Amino acid sequence: MRTTLSIDDELLARAKSEARAKGQTLGEFVEDVLRHGLATPQRPRGETTLTVSRATGGARAGVDLTTNRGLYDAVGIDAA
């Protein structure tokens with residue numbers, strides 16, 4: 001099927017260069033890129049999957065987590 005698209009000049013130049021490097025026509029290259037892009041499942045925007053830590057423990061004995069000074073002292077930073 002023949003179609004007309006408006007493509008940014010710089011993007012088109014890159015696509016032509018990639019197609020040439022792969023020994024493809026521009027049309028073949030664009031079809032391959034579209035197939036790959038459409039085959040890759042996309043997560044809906046706004047959804048984020050976070051990994052929850054199951055680590056146990058806590059701060060080392062004597063470390064005061066309520067102040068910056070306590071944290072600096074724990075890691076050996078002299079923050080005058």
# chains A, B, ... in the order shown; residues from 1 in each chain; ligands from 1
>>> residues_around(residues="Arg2 of chain A", least_positions_apart="2", cutoff="12 Å", atoms="only C-alpha atoms", output="list in words")
Thr4, Leu5 and Gly27 of chain A
>>> closest_residue(among="A:Thr48, A:Arg14, A:Asp73, A:Gly37", to="Arg60 of chain A", atoms="only C-alpha atoms")
A:Asp73
>>> residues_around(residues="Asp64 of chain A", least_positions_apart="5", cutoff="9 Å", atoms="only C-alpha atoms", output="JSON, numbers by chain")
{"A": [59, 69, 70, 71, 73, 74]}
>>> select_by_dssp(residues="chain A", states="alpha helix (DSSP H)", output="PDB file with C-alpha atoms, in the first residue's frame")
ATOM      1  CA  ASP A   9      14.065  15.844   8.082  1.00  0.00           C
ATOM      2  CA  GLU A  10      16.704  14.711  10.579  1.00  0.00           C
ATOM      3  CA  LEU A  11      14.735  11.576  11.467  1.00  0.00           C
ATOM      4  CA  LEU A  12      14.241  10.743   7.797  1.00  0.00           C
ATOM      5  CA  ALA A  13      17.971  11.136   7.110  1.00  0.00           C
ATOM      6  CA  ARG A  14      18.754   8.758   9.995  1.00  0.00           C
ATOM      7  CA  ALA A  15      16.205   6.230   8.734  1.00  0.00           C
ATOM      8  CA  LYS A  16      17.638   6.371   5.209  1.00  0.00           C
ATOM      9  CA  SER A  17      21.150   5.887   6.567  1.00  0.00           C
ATOM     10  CA  GLU A  18      20.090   2.895   8.700  1.00  0.00           C
ATOM     11  CA  ALA A  19      18.215   1.342   5.786  1.00  0.00           C
ATOM     12  CA  ARG A  20      21.243   1.758   3.516  1.00  0.00           C
ATOM     13  CA  ALA A  21      23.525   0.212   6.155  1.00  0.00           C
ATOM     14  CA  LEU A  26      13.502   2.864   3.153  1.00  0.00           C
ATOM     15  CA  GLY A  27      10.066   1.228   2.948  1.00  0.00           C
ATOM     16  CA  GLU A  28      11.398  -2.134   4.189  1.00  0.00           C
ATOM     17  CA  PHE A  29      13.236  -0.452   7.021  1.00  0.00           C
ATOM     18  CA  VAL A  30      10.173   1.553   8.125  1.00  0.00           C
ATOM     19  CA  GLU A  31       8.008  -1.592   8.009  1.00  0.00           C
ATOM     20  CA  ASP A  32      10.508  -3.495  10.188  1.00  0.00           C
ATOM     21  CA  VAL A  33      10.698  -0.661  12.714  1.00  0.00           C
ATOM     22  CA  LEU A  34       6.899  -0.384  12.861  1.00  0.00           C
ATOM     23  CA  ARG A  35       6.479  -4.149  13.259  1.00  0.00           C
ATOM     24  CA  HIS A  36       8.997  -4.198  16.097  1.00  0.00           C
ATOM     25  CA  GLY A  37       7.492  -1.139  17.783  1.00  0.00           C
ATOM     26  CA  LEU A  38       3.955  -2.437  17.566  1.00  0.00           C
ATOM     27  CA  ALA A  39       4.907  -5.935  18.736  1.00  0.00           C
ATOM     28  CA  ASN A  68      21.685  14.497  59.774  1.00  0.00           C
ATOM     29  CA  ARG A  69      24.534  14.665  62.290  1.00  0.00           C
ATOM     30  CA  GLY A  70      23.779  11.088  63.381  1.00  0.00           C
ATOM     31  CA  LEU A  71      23.849   9.879  59.767  1.00  0.00           C
ATOM     32  CA  TYR A  72      27.058  11.781  58.979  1.00  0.00           C
ATOM     33  CA  ASP A  73      28.723  10.300  62.062  1.00  0.00           C
ATOM     34  CA  ALA A  74      27.582   6.794  61.072  1.00  0.00           C
ATOM     35  CA  VAL A  75      29.238   6.992  57.640  1.00  0.00           C
TER      36      VAL A  75
END
>>> atom_distance(atom1="atom CA of Ile77 of chain A", atom2="atom CA of Val63 of chain A")
13.5 Å
